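Visitor: Input input05.txt, format and content: compact mmCIF, C-alpha atoms.
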# COMPACT_ATOMS: atom_id res chain seq x y z
CA MET D 1 282.03 181.41 78.56
CA PRO D 2 279.51 183.47 76.81
CA LEU D 3 276.55 185.09 78.48
CA VAL D 4 274.01 185.79 75.77
CA ARG D 5 271.24 188.38 76.03
CA ILE D 6 268.50 187.96 73.45
CA GLU D 7 265.76 190.58 73.06
CA VAL D 8 262.64 190.32 70.92
CA ILE D 9 259.27 192.01 70.63
CA LYS D 10 256.39 190.04 72.19
CA GLY D 11 254.31 187.80 69.99
CA ARG D 12 256.62 184.99 68.95
CA SER D 13 255.62 181.43 69.69
CA GLU D 14 257.31 179.44 72.40
CA THR D 15 258.66 177.14 69.70
CA ASP D 16 260.27 179.99 67.83
CA LEU D 17 261.82 181.43 70.99
CA VAL D 18 263.38 178.07 71.79
CA ALA D 19 264.61 177.80 68.21
CA ILE D 20 266.18 181.28 68.42
CA GLY D 21 268.12 180.36 71.55
CA ASN D 22 269.25 177.07 70.05
CA ALA D 23 270.32 178.64 66.75
CA ILE D 24 272.51 181.19 68.48
CA HIS D 25 274.06 178.58 70.71
CA ARG D 26 274.82 176.31 67.77
CA ALA D 27 276.57 179.15 65.96
CA LEU D 28 278.66 179.84 69.09
CA VAL D 29 279.71 176.21 69.26
CA GLU D 30 280.45 175.90 65.54
CA CYS D 31 282.21 179.22 64.94
CA LEU D 32 283.62 180.49 68.24
CA ASN D 33 284.83 177.29 69.92
CA VAL D 34 282.27 177.49 72.70
CA PRO D 35 281.84 174.17 74.53
CA GLU D 36 278.49 172.52 73.87
CA ARG D 37 277.43 172.68 77.52
CA ASP D 38 278.52 176.29 77.96
CA HIS D 39 274.97 177.47 77.39
CA PHE D 40 273.78 180.50 79.35
CA GLN D 41 271.16 182.78 77.82
CA ILE D 42 268.63 185.36 78.87
CA ILE D 43 265.65 185.86 76.56
CA THR D 44 263.55 188.98 77.16
CA GLU D 45 260.31 189.85 75.40
CA HIS D 46 259.50 193.55 75.13
CA SER D 47 256.37 195.47 74.24
CA ALA D 48 256.42 197.23 70.89
CA GLY D 49 257.76 200.68 71.58
CA ARG D 50 260.32 199.41 74.05
CA LEU D 51 262.66 197.80 71.54
CA LEU D 52 263.62 200.60 69.17
CA TYR D 53 265.41 200.05 65.90
CA ASP D 54 265.94 201.88 62.66
CA SER D 55 264.17 200.19 59.76
CA GLY D 56 266.80 201.07 57.17
CA TYR D 57 270.19 201.92 58.70
CA LEU D 58 273.07 200.73 56.49
CA GLY D 59 270.61 199.81 53.77
CA ILE D 60 269.10 196.83 55.58
CA ALA D 61 265.34 196.46 55.91
CA ARG D 62 264.31 195.59 59.47
CA THR D 63 260.91 194.67 60.91
CA ASP D 64 259.24 194.09 64.26
CA GLY D 65 260.58 190.56 63.96
CA ILE D 66 263.92 192.01 65.02
CA VAL D 67 266.21 190.02 67.34
CA PHE D 68 268.96 191.73 69.32
CA VAL D 69 271.73 189.29 70.26
CA GLN D 70 274.33 190.59 72.69
CA VAL D 71 277.14 188.16 73.49
CA PHE D 72 279.51 188.72 76.40
CA LEU D 73 282.55 186.49 75.95
CA SER D 74 286.26 186.26 76.65
CA ALA D 75 288.57 187.92 74.15
CA GLY D 76 290.58 185.73 71.82
CA ARG D 77 288.46 185.14 68.74
CA THR D 78 289.83 186.36 65.42
CA THR D 79 288.08 188.74 63.08
CA GLU D 80 287.47 185.85 60.70
CA GLN D 81 285.83 183.79 63.42
CA LYS D 82 283.55 186.68 64.31
CA LYS D 83 282.54 187.17 60.69
CA ALA D 84 281.78 183.48 60.33
CA PHE D 85 279.72 183.67 63.50
CA TYR D 86 277.56 186.54 62.23
CA ALA D 87 276.87 184.72 58.99
CA ARG D 88 276.04 181.50 60.81
CA VAL D 89 273.70 183.20 63.29
CA ALA D 90 271.79 184.93 60.51
CA GLY D 91 271.66 181.71 58.49
CA LEU D 92 270.48 179.51 61.34
CA LEU D 93 267.98 182.06 62.62
CA ALA D 94 266.46 182.13 59.14
CA SER D 95 266.43 178.38 58.54
CA GLU D 96 265.52 177.22 62.06
CA ALA D 97 263.61 180.06 63.70
CA ARG D 98 261.85 182.07 61.00
CA VAL D 99 263.88 185.24 61.58
CA ALA D 100 264.54 187.35 58.48
CA PRO D 101 268.28 187.83 57.91
CA GLY D 102 267.90 191.60 58.12
CA ASP D 103 266.40 191.25 61.58
CA ALA D 104 269.45 189.62 63.19
CA ILE D 105 271.39 192.29 65.07
CA ILE D 106 274.52 191.01 66.84
CA VAL D 107 276.84 192.76 69.28
CA LEU D 108 279.88 191.25 70.97
CA VAL D 109 281.39 192.55 74.21
CA GLU D 110 284.67 191.02 75.33
CA ASN D 111 286.21 190.52 78.74
CA THR D 112 288.92 188.08 79.91
CA ARG D 113 289.05 184.60 81.36
CA GLU D 114 289.50 185.81 84.90
CA ASP D 115 286.16 187.61 84.66
CA TRP D 116 284.04 184.47 84.97
CA SER D 117 282.78 182.30 87.79
CA PHE D 118 280.43 179.46 86.90
CA GLY D 119 279.47 178.62 90.45
CA ARG D 120 280.88 177.75 93.89
CA GLY D 121 282.79 181.01 93.98
CA VAL D 122 285.63 179.78 91.78
CA ALA D 123 287.19 181.40 88.70
CA GLN D 124 287.04 178.15 86.75
CA TYR D 125 288.87 179.38 83.66
CA LEU D 126 291.90 180.18 85.78
CA GLU D 127 291.82 176.92 87.72
CA LEU D 128 290.74 174.24 85.28
CA PRO D 129 292.84 173.13 82.30
CA MET D 130 291.05 173.93 79.07
CA GLU D 131 290.62 170.24 78.23
CA GLN D 132 288.18 170.02 81.12
CA TRP D 133 285.89 172.79 79.89
CA LYS D 134 282.88 170.68 79.17
CA MET I 1 281.27 202.49 90.09
CA PRO I 2 279.70 199.21 89.47
CA LEU I 3 276.39 198.73 87.73
CA VAL I 4 275.13 195.30 88.72
CA ARG I 5 272.59 193.30 86.74
CA ILE I 6 271.05 190.42 88.69
CA GLU I 7 268.78 187.89 86.98
CA VAL I 8 266.72 185.19 88.64
CA ILE I 9 263.80 182.94 87.81
CA LYS I 10 260.47 184.09 89.27
CA GLY I 11 259.33 182.63 92.55
CA ARG I 12 261.75 183.94 95.14
CA SER I 13 260.40 185.87 98.10
CA GLU I 14 260.83 189.61 98.39
CA THR I 15 263.03 188.99 101.41
CA ASP I 16 265.35 186.72 99.49
CA LEU I 17 265.60 189.15 96.58
CA VAL I 18 266.61 191.93 98.94
CA ALA I 19 269.13 189.62 100.57
CA ILE I 20 270.61 188.72 97.19
CA GLY I 21 271.16 192.36 96.30
CA ASN I 22 272.65 193.10 99.70
CA ALA I 23 274.97 190.10 99.63
CA ILE I 24 276.41 191.06 96.27
CA HIS I 25 276.87 194.65 97.34
CA ARG I 26 278.62 193.63 100.52
CA ALA I 27 281.05 191.47 98.56
CA LEU I 28 281.79 194.40 96.25
CA VAL I 29 282.55 196.62 99.21
CA GLU I 30 284.65 194.05 101.03
CA CYS I 31 286.63 192.63 98.12
CA LEU I 32 286.71 195.19 95.30
CA ASN I 33 287.04 198.50 97.17
CA VAL I 34 283.62 199.71 96.13
CA PRO I 35 282.38 202.60 98.31
CA GLU I 36 279.49 201.65 100.59
CA ARG I 37 277.11 204.13 98.97
CA ASP I 38 278.08 203.16 95.43
CA HIS I 39 275.08 200.87 95.19
CA PHE I 40 273.33 200.60 91.81
CA GLN I 41 271.61 197.35 90.90
CA ILE I 42 268.97 196.07 88.54
CA ILE I 43 267.14 192.91 89.58
CA THR I 44 265.10 191.16 86.90
CA GLU I 45 262.83 188.17 87.41
CA HIS I 46 262.31 185.91 84.41
CA SER I 47 259.86 183.16 83.59
CA ALA I 48 261.26 179.65 83.53
CA GLY I 49 262.40 179.08 79.98
CA ARG I 50 263.73 182.60 79.59
CA LEU I 51 266.80 182.17 81.78
CA LEU I 52 268.70 179.29 80.24
CA TYR I 53 271.60 177.54 81.92
CA ASP I 54 273.41 174.26 81.67
CA SER I 55 272.86 172.10 84.72
CA GLY I 56 276.31 170.52 84.71
CA TYR I 57 278.88 172.57 82.76
CA LEU I 58 282.33 172.38 84.38
CA GLY I 59 281.08 169.74 86.77
CA ILE I 60 278.88 172.07 88.81
CA ALA I 61 275.26 171.15 89.55
CA ARG I 62 272.91 174.06 88.89
CA THR I 63 269.19 174.45 89.58
CA ASP I 64 266.33 176.82 88.84
CA GLY I 65 267.54 178.72 91.88
CA ILE I 66 270.27 180.09 89.62
CA VAL I 67 271.39 183.71 89.98
CA PHE I 68 273.22 185.49 87.16
CA VAL I 69 275.31 188.40 88.45
CA GLN I 70 276.81 190.69 85.83
CA VAL I 71 278.99 193.47 87.19
CA PHE I 72 280.07 196.40 85.02
CA LEU I 73 282.97 198.19 86.73
CA SER I 74 286.10 200.19 86.05
CA ALA I 75 289.26 198.22 85.35
CA GLY I 76 291.92 198.10 88.02
CA ARG I 77 291.16 195.14 90.24
CA THR I 78 293.74 192.37 90.45
CA THR I 79 293.14 188.74 89.68
CA GLU I 80 293.40 187.98 93.38
CA GLN I 81 290.74 190.54 94.21
CA LYS I 82 288.41 189.08 91.63
CA LYS I 83 288.92 185.56 92.97
CA ALA I 84 288.20 186.76 96.49
CA PHE I 85 285.08 188.48 95.22
CA TYR I 86 283.71 185.33 93.59
CA ALA I 87 284.25 183.33 96.75
CA ARG I 88 282.64 186.01 98.91
CA VAL I 89 279.60 186.36 96.64
CA ALA I 90 278.99 182.63 96.65
CA GLY I 91 279.52 182.47 100.42
CA LEU I 92 277.25 185.37 101.26
CA LEU I 93 274.54 184.30 98.83
CA ALA I 94 274.51 180.93 100.56
CA SER I 95 274.56 182.21 104.13
CA GLU I 96 272.31 185.24 103.71
CA ALA I 97 270.03 184.56 100.76
CA ARG I 98 269.54 180.82 100.48
CA VAL I 99 271.31 180.51 97.11
CA ALA I 100 273.19 177.25 96.55
CA PRO I 101 276.87 177.91 95.82
CA GLY I 102 276.59 176.16 92.46
CA ASP I 103 273.86 178.58 91.44
CA ALA I 104 275.97 181.73 91.69
CA ILE I 105 277.13 182.69 88.19
CA ILE I 106 279.28 185.83 88.06
CA VAL I 107 280.53 187.81 85.06
CA LEU I 108 282.63 190.98 85.17
CA VAL I 109 282.80 193.52 82.34
CA GLU I 110 285.33 196.31 82.68
CA ASN I 111 285.40 199.85 81.38
CA THR I 112 287.36 202.91 82.59
CA ARG I 113 286.77 205.78 84.99
CA GLU I 114 285.86 208.20 82.26
CA ASP I 115 282.95 205.97 81.29
CA TRP I 116 280.75 206.93 84.24
CA SER I 117 278.43 209.78 85.07
CA PHE I 118 276.49 209.57 88.34
CA GLY I 119 274.19 212.49 87.63
CA ARG I 120 274.13 216.15 86.65
CA GLY I 121 275.98 215.40 83.42
CA VAL I 122 279.41 215.22 85.07
CA ALA I 123 282.09 212.51 84.79
CA GLN I 124 282.58 212.43 88.54
CA TYR I 125 285.51 210.02 88.59
CA LEU I 126 287.51 212.44 86.47
CA GLU I 127 286.55 215.51 88.47
CA LEU I 128 286.41 214.43 92.09
CA PRO I 129 289.46 213.32 94.07
CA MET I 130 289.09 209.68 95.10
CA GLU I 131 288.87 210.61 98.80
CA GLN I 132 285.49 212.16 98.05
CA TRP I 133 283.98 209.04 96.51
CA LYS I 134 281.39 208.41 99.17
CA MET K 1 276.87 201.52 66.46
CA PRO K 2 275.58 202.03 69.89
CA LEU K 3 273.20 199.69 71.60
CA VAL K 4 271.52 201.65 74.37
CA ARG K 5 269.87 200.09 77.41
CA ILE K 6 267.58 202.47 79.30
CA GLU K 7 266.06 201.47 82.64
CA VAL K 8 263.41 203.35 84.60
CA ILE K 9 260.96 202.68 87.39
CA LYS K 10 257.36 202.12 86.23
CA GLY K 11 254.99 205.04 86.22
CA ARG K 12 256.27 207.37 83.53
CA SER K 13 253.94 208.37 80.71
CA GLU K 14 254.38 206.99 77.23
CA THR K 15 255.21 210.51 76.07
CA ASP K 16 257.99 210.86 78.60
CA LEU K 17 259.45 207.47 77.72
CA VAL K 18 259.57 208.41 74.05
CA ALA K 19 261.15 211.73 74.97
CA ILE K 20 263.81 209.96 77.05
CA GLY K 21 264.81 207.73 74.16
CA ASN K 22 264.88 210.65 71.76
CA ALA K 23 266.93 212.85 74.09
CA ILE K 24 269.60 210.20 74.52
CA HIS K 25 269.76 209.52 70.81
CA ARG K 26 270.09 213.22 70.01
CA ALA K 27 273.00 213.52 72.44
CA LEU K 28 274.69 210.53 70.77
CA VAL K 29 274.33 212.14 67.36
CA GLU K 30 275.47 215.58 68.49
CA CYS K 31 278.37 214.61 70.75
CA LEU K 32 279.63 211.16 69.75
CA ASN K 33 279.33 211.23 65.94
CA VAL K 34 276.64 208.59 65.86
CA PRO K 35 274.76 208.52 62.53
CA GLU K 36 271.17 209.77 62.80
CA ARG K 37 269.70 206.45 61.71
CA ASP K 38 271.93 204.41 63.99
CA HIS K 39 269.17 204.21 66.56
CA PHE K 40 268.87 200.99 68.59
CA GLN K 41 267.51 201.17 72.12
CA ILE K 42 265.93 198.93 74.71
CA ILE K 43 263.74 200.60 77.31
CA THR K 44 262.82 198.53 80.36
CA GLU K 45 260.42 199.55 83.12
CA HIS K 46 261.03 198.02 86.52
CA SER K 47 258.98 197.78 89.70
CA ALA K 48 260.17 199.88 92.59
CA GLY K 49 262.54 197.70 94.54
CA ARG K 50 264.07 196.20 91.40
CA LEU K 51 266.03 199.28 90.32
CA LEU K 52 268.27 200.07 93.25
CA TYR K 53 270.23 203.29 93.60
CA ASP K 54 271.86 205.29 96.32
CA SER K 55 270.08 208.58 96.96
CA GLY K 56 273.20 210.54 97.80
CA TYR K 57 276.40 208.92 96.49
CA LEU K 58 278.95 211.54 95.40
CA GLY K 59 276.77 214.28 96.85
CA ILE K 60 274.04 214.03 94.22
CA ALA K 61 270.39 213.77 95.23
CA ARG K 62 268.59 211.02 93.33
CA THR K 63 264.91 210.06 93.26
CA ASP K 64 262.65 207.32 91.94
CA GLY K 65 262.67 209.30 88.71
CA ILE K 66 266.10 207.80 88.10
CA VAL K 67 267.14 206.79 84.58
CA PHE K 68 269.99 204.34 84.00
CA VAL K 69 271.52 204.76 80.54
CA GLN K 70 274.01 202.11 79.47
CA VAL K 71 275.59 202.67 76.08
CA PHE K 72 277.54 199.93 74.31
CA LEU K 73 279.63 201.49 71.53
CA SER K 74 282.84 201.12 69.59
CA ALA K 75 285.95 202.63 71.16
CA GLY K 76 287.34 205.79 69.66
CA ARG K 77 285.66 208.71 71.40
CA THR K 78 287.87 211.10 73.34
CA THR K 79 287.47 211.98 76.98
CA GLU K 80 286.24 215.41 75.96
CA GLN K 81 283.56 213.92 73.73
CA LYS K 82 282.38 211.69 76.53
CA LYS K 83 282.18 214.60 78.94
CA ALA K 84 280.20 216.64 76.42
CA PHE K 85 277.89 213.67 75.95
CA TYR K 86 277.14 213.35 79.66
CA ALA K 87 276.33 217.04 79.93
CA ARG K 88 274.13 216.93 76.84
CA VAL K 89 272.22 213.85 78.00
CA ALA K 90 271.50 215.42 81.38
CA GLY K 91 270.53 218.71 79.75
CA LEU K 92 268.21 217.20 77.15
CA LEU K 93 266.63 214.77 79.61
CA ALA K 94 265.80 217.75 81.80
CA SER K 95 264.52 220.04 79.07
CA GLU K 96 262.73 217.44 76.93
CA ALA K 97 261.74 214.59 79.18
CA ARG K 98 261.25 215.96 82.71
CA VAL K 99 264.16 214.02 84.22
CA ALA K 100 265.99 215.78 87.05
CA PRO K 101 269.71 216.19 86.24
CA GLY K 102 270.67 214.23 89.33
CA ASP K 103 268.64 211.28 88.08
CA ALA K 104 270.61 210.74 84.86
CA ILE K 105 273.08 207.89 85.41
CA ILE K 106 275.23 207.08 82.38
CA VAL K 107 277.61 204.19 81.78
CA LEU K 108 279.62 203.52 78.63
CA VAL K 109 280.98 200.11 77.63
CA GLU K 110 283.28 199.98 74.63
CA ASN K 111 284.00 197.28 72.09
CA THR K 112 285.44 197.50 68.56
CA ARG K 113 284.09 197.87 65.05
CA GLU K 114 284.40 194.20 64.28
CA ASP K 115 282.02 193.43 67.12
CA TRP K 116 278.87 194.57 65.28
CA SER K 117 276.52 193.05 62.75
CA PHE K 118 273.46 195.08 61.77
CA GLY K 119 271.74 192.31 59.87
CA ARG K 120 272.20 189.77 57.09
CA GLY K 121 275.13 188.20 58.92
CA VAL K 122 277.63 190.83 57.83
CA ALA K 123 280.12 192.86 59.92
CA GLN K 124 279.11 196.09 58.23
CA TYR K 125 281.70 198.32 59.90
CA LEU K 126 284.46 196.17 58.40
CA GLU K 127 282.92 196.00 54.95
CA LEU K 128 281.34 199.38 54.29
CA PRO K 129 283.34 202.59 53.94
CA MET K 130 282.46 205.01 56.72
CA GLU K 131 280.87 207.45 54.27
CA GLN K 132 278.11 204.92 53.74
CA TRP K 133 277.19 204.63 57.43
CA LYS K 134 273.76 206.16 57.19
Turn this file's structure into C-alpha cells for me.
Guide:
Amino acid sequence: MPLVRIEVIKGRSETDLVAIGNAIHRALVECLNVPERDHFQIITEHSAGRLLYDSGYLGIARTDGIVFVQVFLSAGRTTEQKKAFYARVAGLLASEARVAPGDAIIVLVENTREDWSFGRGVAQYLELPMEQWK
Amino acid sequence: MPLVRIEVIKGRSETDLVAIGNAIHRALVECLNVPERDHFQIITEHSAGRLLYDSGYLGIARTDGIVFVQVFLSAGRTTEQKKAFYARVAGLLASEARVAPGDAIIVLVENTREDWSFGRGVAQYLELPMEQWK
Amino acid sequence: MPLVRIEVIKGRSETDLVAIGNAIHRALVECLNVPERDHFQIITEHSAGRLLYDSGYLGIARTDGIVFVQVFLSAGRTTEQKKAFYARVAGLLASEARVAPGDAIIVLVENTREDWSFGRGVAQYLELPMEQWK
C-alpha cells in the first residue's frame, strides 16, 4: 500500500542506498502491518544545494547525510504505530545503513484504500479480501 | 486540478513517454471530469535500482516497464469514478503507449479546492465559477 | 513542518534557484506560521518535455519559466491564510527570483502533526510543546 519516496544527497554507495531502502521497508512491515511484498519505492539522489534542510531545527543536528522519507499510505494506523515506525526507521537506518539518527526525516501522507491500483486497472484493495494481500 | 507525477525506468523512447503522459491525461478527462486544458504533469526517468517494485504482489506480474502514476487532485470523485479511471489508464497505456497492464501502478492523493493556485497568486477554484474552468 | 517540492525546467541560474527557495520559505514563515528554521525543500530541475503544463488554462499565460511548488504541511491553516500565502509566493517570486506571476503554480497537501518526524525517530510535534518549535 505504501509508495515511498526517498531522497538523499549524491555520494552514497550503492550498498548503502540498497540498505536504506531495505531498512525503511522492514520498518513498514514490522510496525505498520505492510505486507512483505508490498514494496514500492523511489530513491532519488540530488546535488548538494537541491536538498535543503535546517541543520538545527527542533534541537536536532543534521548533516549532508540527510535522508528524506515520504510515505504515502492508506489511513488506519494509530498514533502509537506511527511513533513505533519512526523509532524503528531511525534505528534500522543507523544500524544497517550508516545514517545518523538525526538525519532521518520522515513524513507520512494518508489516503484511502480506494486510492490504489497495483496493476491491470483494478482497485485491488476494494476487490480482494485482505487475507490475499500478499 | 490534478498534478500528476509519472515515474519510469530509463530507456523508453521519447514517443512512448509522450504517449504515456497523453494517455493518463485522457483518462483524467474522460473519467474524472478534469478539464481538457488542466494538464500539469511531471515525468521522471530513473536508473534501474532507483525505482523499486515487487514483481508479484497481489498476483500481478510486473516488469521494468513499470509506470508509477501519482495523481494529486481535489476530493469529490466517487469510488465508481476512481475505478473507471484505473481501468481506463491501464487500457490506454496498453493501447497507446505499449505499457503492459500489470505495469500500471496508480495512486491518488486528495486535497481540497482551496489548496490550488494556478498562477498570479490566486486560488482560482475559490474565485472562478466552475463554468469558467477551461 | 512543511516539506516543499519545487520543480523547474533546466536553465535557471544558481542564484535564481536559491532565490526561488528563499522566496517560498519566506512566504511560509510570513503567511502560514511556519518557524523560520523549519526549512526543508527539494528542488528538481527537469528537461523540457518532462515538466508539462498548459499555457493558458484558466486564462493565465504560462511559459517555460514555470515553477511548480508543492507544499506538504499539517492541516490547520485557514482559507484566508492560504490565499495570503499564494499571493505572497507569487509576489516574492516575481520581485526576488524573476519568476513571472503566471508561472507560479502552488499545490498544498495536508496531513496531521503526528505524521512528522524530524530526526532521532521521534514524533516531535506530539512530544514538544509548540513554544519550542524553533
Visitor: What are the residues of chain K that have an atom within 9 Å of an atom of chain I, counting only C-alpha atoms, as a ChimeraX atom specification?
Guide: /K:7,46,49-62,79,82-91,100-110
Visitor: Name all residues at most 8 Å from Ile20 of chain K (count only C-alpha atoms; drop same-chain ones fewer than 4 positions away) and give them as an MDAnalysis selection string.
Guide: chainID K and resid 16 24 93 96:97
Visitor: Using every C-alpha atom paired in order, could you least-squares fit chain I onto chain D and give me the moved chain as an mmCIF file with C-alpha atoms, in the frame of the given file?
Guide:
data_model
loop_
_atom_site.group_PDB
_atom_site.id
_atom_site.type_symbol
_atom_site.label_atom_id
_atom_site.label_comp_id
_atom_site.auth_asym_id
_atom_site.auth_seq_id
_atom_site.Cartn_x
_atom_site.Cartn_y
_atom_site.Cartn_z
ATOM 1 C CA MET I 1 282.026 181.433 78.563
ATOM 2 C CA PRO I 2 279.497 183.467 76.810
ATOM 3 C CA LEU I 3 276.543 185.100 78.488
ATOM 4 C CA VAL I 4 274.000 185.799 75.772
ATOM 5 C CA ARG I 5 271.245 188.390 76.036
ATOM 6 C CA ILE I 6 268.495 187.973 73.441
ATOM 7 C CA GLU I 7 265.757 190.587 73.052
ATOM 8 C CA VAL I 8 262.638 190.320 70.934
ATOM 9 C CA ILE I 9 259.268 192.002 70.628
ATOM 10 C CA LYS I 10 256.392 190.046 72.192
ATOM 11 C CA GLY I 11 254.318 187.803 69.989
ATOM 12 C CA ARG I 12 256.622 184.996 68.943
ATOM 13 C CA SER I 13 255.620 181.426 69.693
ATOM 14 C CA GLU I 14 257.315 179.422 72.407
ATOM 15 C CA THR I 15 258.657 177.139 69.700
ATOM 16 C CA ASP I 16 260.271 179.990 67.833
ATOM 17 C CA LEU I 17 261.818 181.415 70.997
ATOM 18 C CA VAL I 18 263.386 178.063 71.785
ATOM 19 C CA ALA I 19 264.628 177.814 68.215
ATOM 20 C CA ILE I 20 266.183 181.272 68.432
ATOM 21 C CA GLY I 21 268.133 180.359 71.548
ATOM 22 C CA ASN I 22 269.252 177.072 70.041
ATOM 23 C CA ALA I 23 270.321 178.639 66.756
ATOM 24 C CA ILE I 24 272.504 181.200 68.476
ATOM 25 C CA HIS I 25 274.054 178.580 70.708
ATOM 26 C CA ARG I 26 274.814 176.328 67.782
ATOM 27 C CA ALA I 27 276.575 179.167 65.978
ATOM 28 C CA LEU I 28 278.660 179.846 69.085
ATOM 29 C CA VAL I 29 279.706 176.220 69.251
ATOM 30 C CA GLU I 30 280.439 175.911 65.550
ATOM 31 C CA CYS I 31 282.196 179.220 64.943
ATOM 32 C CA LEU I 32 283.619 180.498 68.237
ATOM 33 C CA ASN I 33 284.826 177.301 69.936
ATOM 34 C CA VAL I 34 282.270 177.515 72.704
ATOM 35 C CA PRO I 35 281.834 174.184 74.535
ATOM 36 C CA GLU I 36 278.484 172.513 73.870
ATOM 37 C CA ARG I 37 277.430 172.679 77.517
ATOM 38 C CA ASP I 38 278.515 176.291 77.946
ATOM 39 C CA HIS I 39 274.967 177.469 77.375
ATOM 40 C CA PHE I 40 273.774 180.507 79.353
ATOM 41 C CA GLN I 41 271.162 182.777 77.812
ATOM 42 C CA ILE I 42 268.632 185.358 78.865
ATOM 43 C CA ILE I 43 265.654 185.864 76.565
ATOM 44 C CA THR I 44 263.556 188.973 77.149
ATOM 45 C CA GLU I 45 260.314 189.848 75.395
ATOM 46 C CA HIS I 46 259.481 193.537 75.122
ATOM 47 C CA SER I 47 256.363 195.464 74.227
ATOM 48 C CA ALA I 48 256.401 197.227 70.884
ATOM 49 C CA GLY I 49 257.787 200.667 71.575
ATOM 50 C CA ARG I 50 260.335 199.399 74.067
ATOM 51 C CA LEU I 51 262.673 197.791 71.547
ATOM 52 C CA LEU I 52 263.624 200.579 69.181
ATOM 53 C CA TYR I 53 265.409 200.037 65.893
ATOM 54 C CA ASP I 54 265.936 201.874 62.661
ATOM 55 C CA SER I 55 264.189 200.187 59.768
ATOM 56 C CA GLY I 56 266.799 201.073 57.161
ATOM 57 C CA TYR I 57 270.199 201.921 58.688
ATOM 58 C CA LEU I 58 273.061 200.716 56.469
ATOM 59 C CA GLY I 59 270.597 199.809 53.758
ATOM 60 C CA ILE I 60 269.097 196.829 55.573
ATOM 61 C CA ALA I 61 265.321 196.473 55.906
ATOM 62 C CA ARG I 62 264.303 195.591 59.457
ATOM 63 C CA THR I 63 260.912 194.657 60.906
ATOM 64 C CA ASP I 64 259.243 194.080 64.257
ATOM 65 C CA GLY I 65 260.575 190.552 63.953
ATOM 66 C CA ILE I 66 263.926 192.000 65.010
ATOM 67 C CA VAL I 67 266.202 190.017 67.328
ATOM 68 C CA PHE I 68 268.956 191.731 69.315
ATOM 69 C CA VAL I 69 271.729 189.301 70.268
ATOM 70 C CA GLN I 70 274.332 190.585 72.704
ATOM 71 C CA VAL I 71 277.130 188.158 73.486
ATOM 72 C CA PHE I 72 279.508 188.727 76.399
ATOM 73 C CA LEU I 73 282.560 186.487 75.947
ATOM 74 C CA SER I 74 286.264 186.261 76.647
ATOM 75 C CA ALA I 75 288.573 187.928 74.148
ATOM 76 C CA GLY I 76 290.571 185.735 71.821
ATOM 77 C CA ARG I 77 288.470 185.148 68.738
ATOM 78 C CA THR I 78 289.819 186.369 65.412
ATOM 79 C CA THR I 79 288.080 188.738 63.068
ATOM 80 C CA GLU I 80 287.483 185.848 60.696
ATOM 81 C CA GLN I 81 285.826 183.807 63.417
ATOM 82 C CA LYS I 82 283.550 186.680 64.303
ATOM 83 C CA LYS I 83 282.551 187.181 60.671
ATOM 84 C CA ALA I 84 281.782 183.486 60.338
ATOM 85 C CA PHE I 85 279.721 183.674 63.504
ATOM 86 C CA TYR I 86 277.577 186.544 62.230
ATOM 87 C CA ALA I 87 276.874 184.726 58.994
ATOM 88 C CA ARG I 88 276.024 181.497 60.808
ATOM 89 C CA VAL I 89 273.697 183.214 63.288
ATOM 90 C CA ALA I 90 271.795 184.943 60.517
ATOM 91 C CA GLY I 91 271.650 181.718 58.492
ATOM 92 C CA LEU I 92 270.473 179.523 61.332
ATOM 93 C CA LEU I 93 267.965 182.065 62.612
ATOM 94 C CA ALA I 94 266.463 182.131 59.135
ATOM 95 C CA SER I 95 266.424 178.384 58.545
ATOM 96 C CA GLU I 96 265.505 177.238 62.046
ATOM 97 C CA ALA I 97 263.611 180.070 63.707
ATOM 98 C CA ARG I 98 261.859 182.063 61.012
ATOM 99 C CA VAL I 99 263.892 185.245 61.586
ATOM 100 C CA ALA I 100 264.538 187.349 58.482
ATOM 101 C CA PRO I 101 268.274 187.821 57.912
ATOM 102 C CA GLY I 102 267.901 191.596 58.119
ATOM 103 C CA ASP I 103 266.411 191.247 61.584
ATOM 104 C CA ALA I 104 269.447 189.621 63.189
ATOM 105 C CA ILE I 105 271.394 192.295 65.081
ATOM 106 C CA ILE I 106 274.521 191.009 66.832
ATOM 107 C CA VAL I 107 276.840 192.764 69.286
ATOM 108 C CA LEU I 108 279.896 191.251 70.974
ATOM 109 C CA VAL I 109 281.396 192.551 74.222
ATOM 110 C CA GLU I 110 284.675 191.031 75.333
ATOM 111 C CA ASN I 111 286.209 190.508 78.739
ATOM 112 C CA THR I 112 288.928 188.073 79.899
ATOM 113 C CA ARG I 113 289.050 184.582 81.363
ATOM 114 C CA GLU I 114 289.497 185.809 84.889
ATOM 115 C CA ASP I 115 286.165 187.605 84.658
ATOM 116 C CA TRP I 116 284.034 184.469 84.962
ATOM 117 C CA SER I 117 282.795 182.304 87.786
ATOM 118 C CA PHE I 118 280.434 179.449 86.904
ATOM 119 C CA GLY I 119 279.473 178.608 90.466
ATOM 120 C CA ARG I 120 280.882 177.741 93.875
ATOM 121 C CA GLY I 121 282.809 181.011 94.001
ATOM 122 C CA VAL I 122 285.650 179.774 91.785
ATOM 123 C CA ALA I 123 287.188 181.402 88.688
ATOM 124 C CA GLN I 124 287.038 178.156 86.752
ATOM 125 C CA TYR I 125 288.863 179.361 83.652
ATOM 126 C CA LEU I 126 291.897 180.162 85.774
ATOM 127 C CA GLU I 127 291.810 176.915 87.722
ATOM 128 C CA LEU I 128 290.741 174.231 85.283
ATOM 129 C CA PRO I 129 292.849 173.128 82.318
ATOM 130 C CA MET I 130 291.044 173.925 79.069
ATOM 131 C CA GLU I 131 290.611 170.219 78.244
ATOM 132 C CA GLN I 132 288.170 170.018 81.141
ATOM 133 C CA TRP I 133 285.894 172.790 79.905
ATOM 134 C CA LYS I 134 282.878 170.646 79.211
#
Visitor: Box time for segment 77-86 of chain D: axis-aligned, enclosing all its listed atoms, 3 Å extra on each side; report centre and edge lengths in Å to one decimal, as lines of an AutoDock Vina configuration file.
Guide:
center_x = 283.7
center_y = 186.1
center_z = 64.5
size_x = 18.3
size_y = 11.3
size_z = 14.4
Visitor: May I ask for the distance between atom CA of Val8 of chain K and atom CA of Phe68 of chain K, given in Å to one decimal place?
Guide: 6.7 Å
Visitor: Could you jot down the atom CA of Glu30 of chain I to atom CA of Pro129 of chain I separation for me, Å, one decimal place?
Guide: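 So the answer is 21.0 Å.
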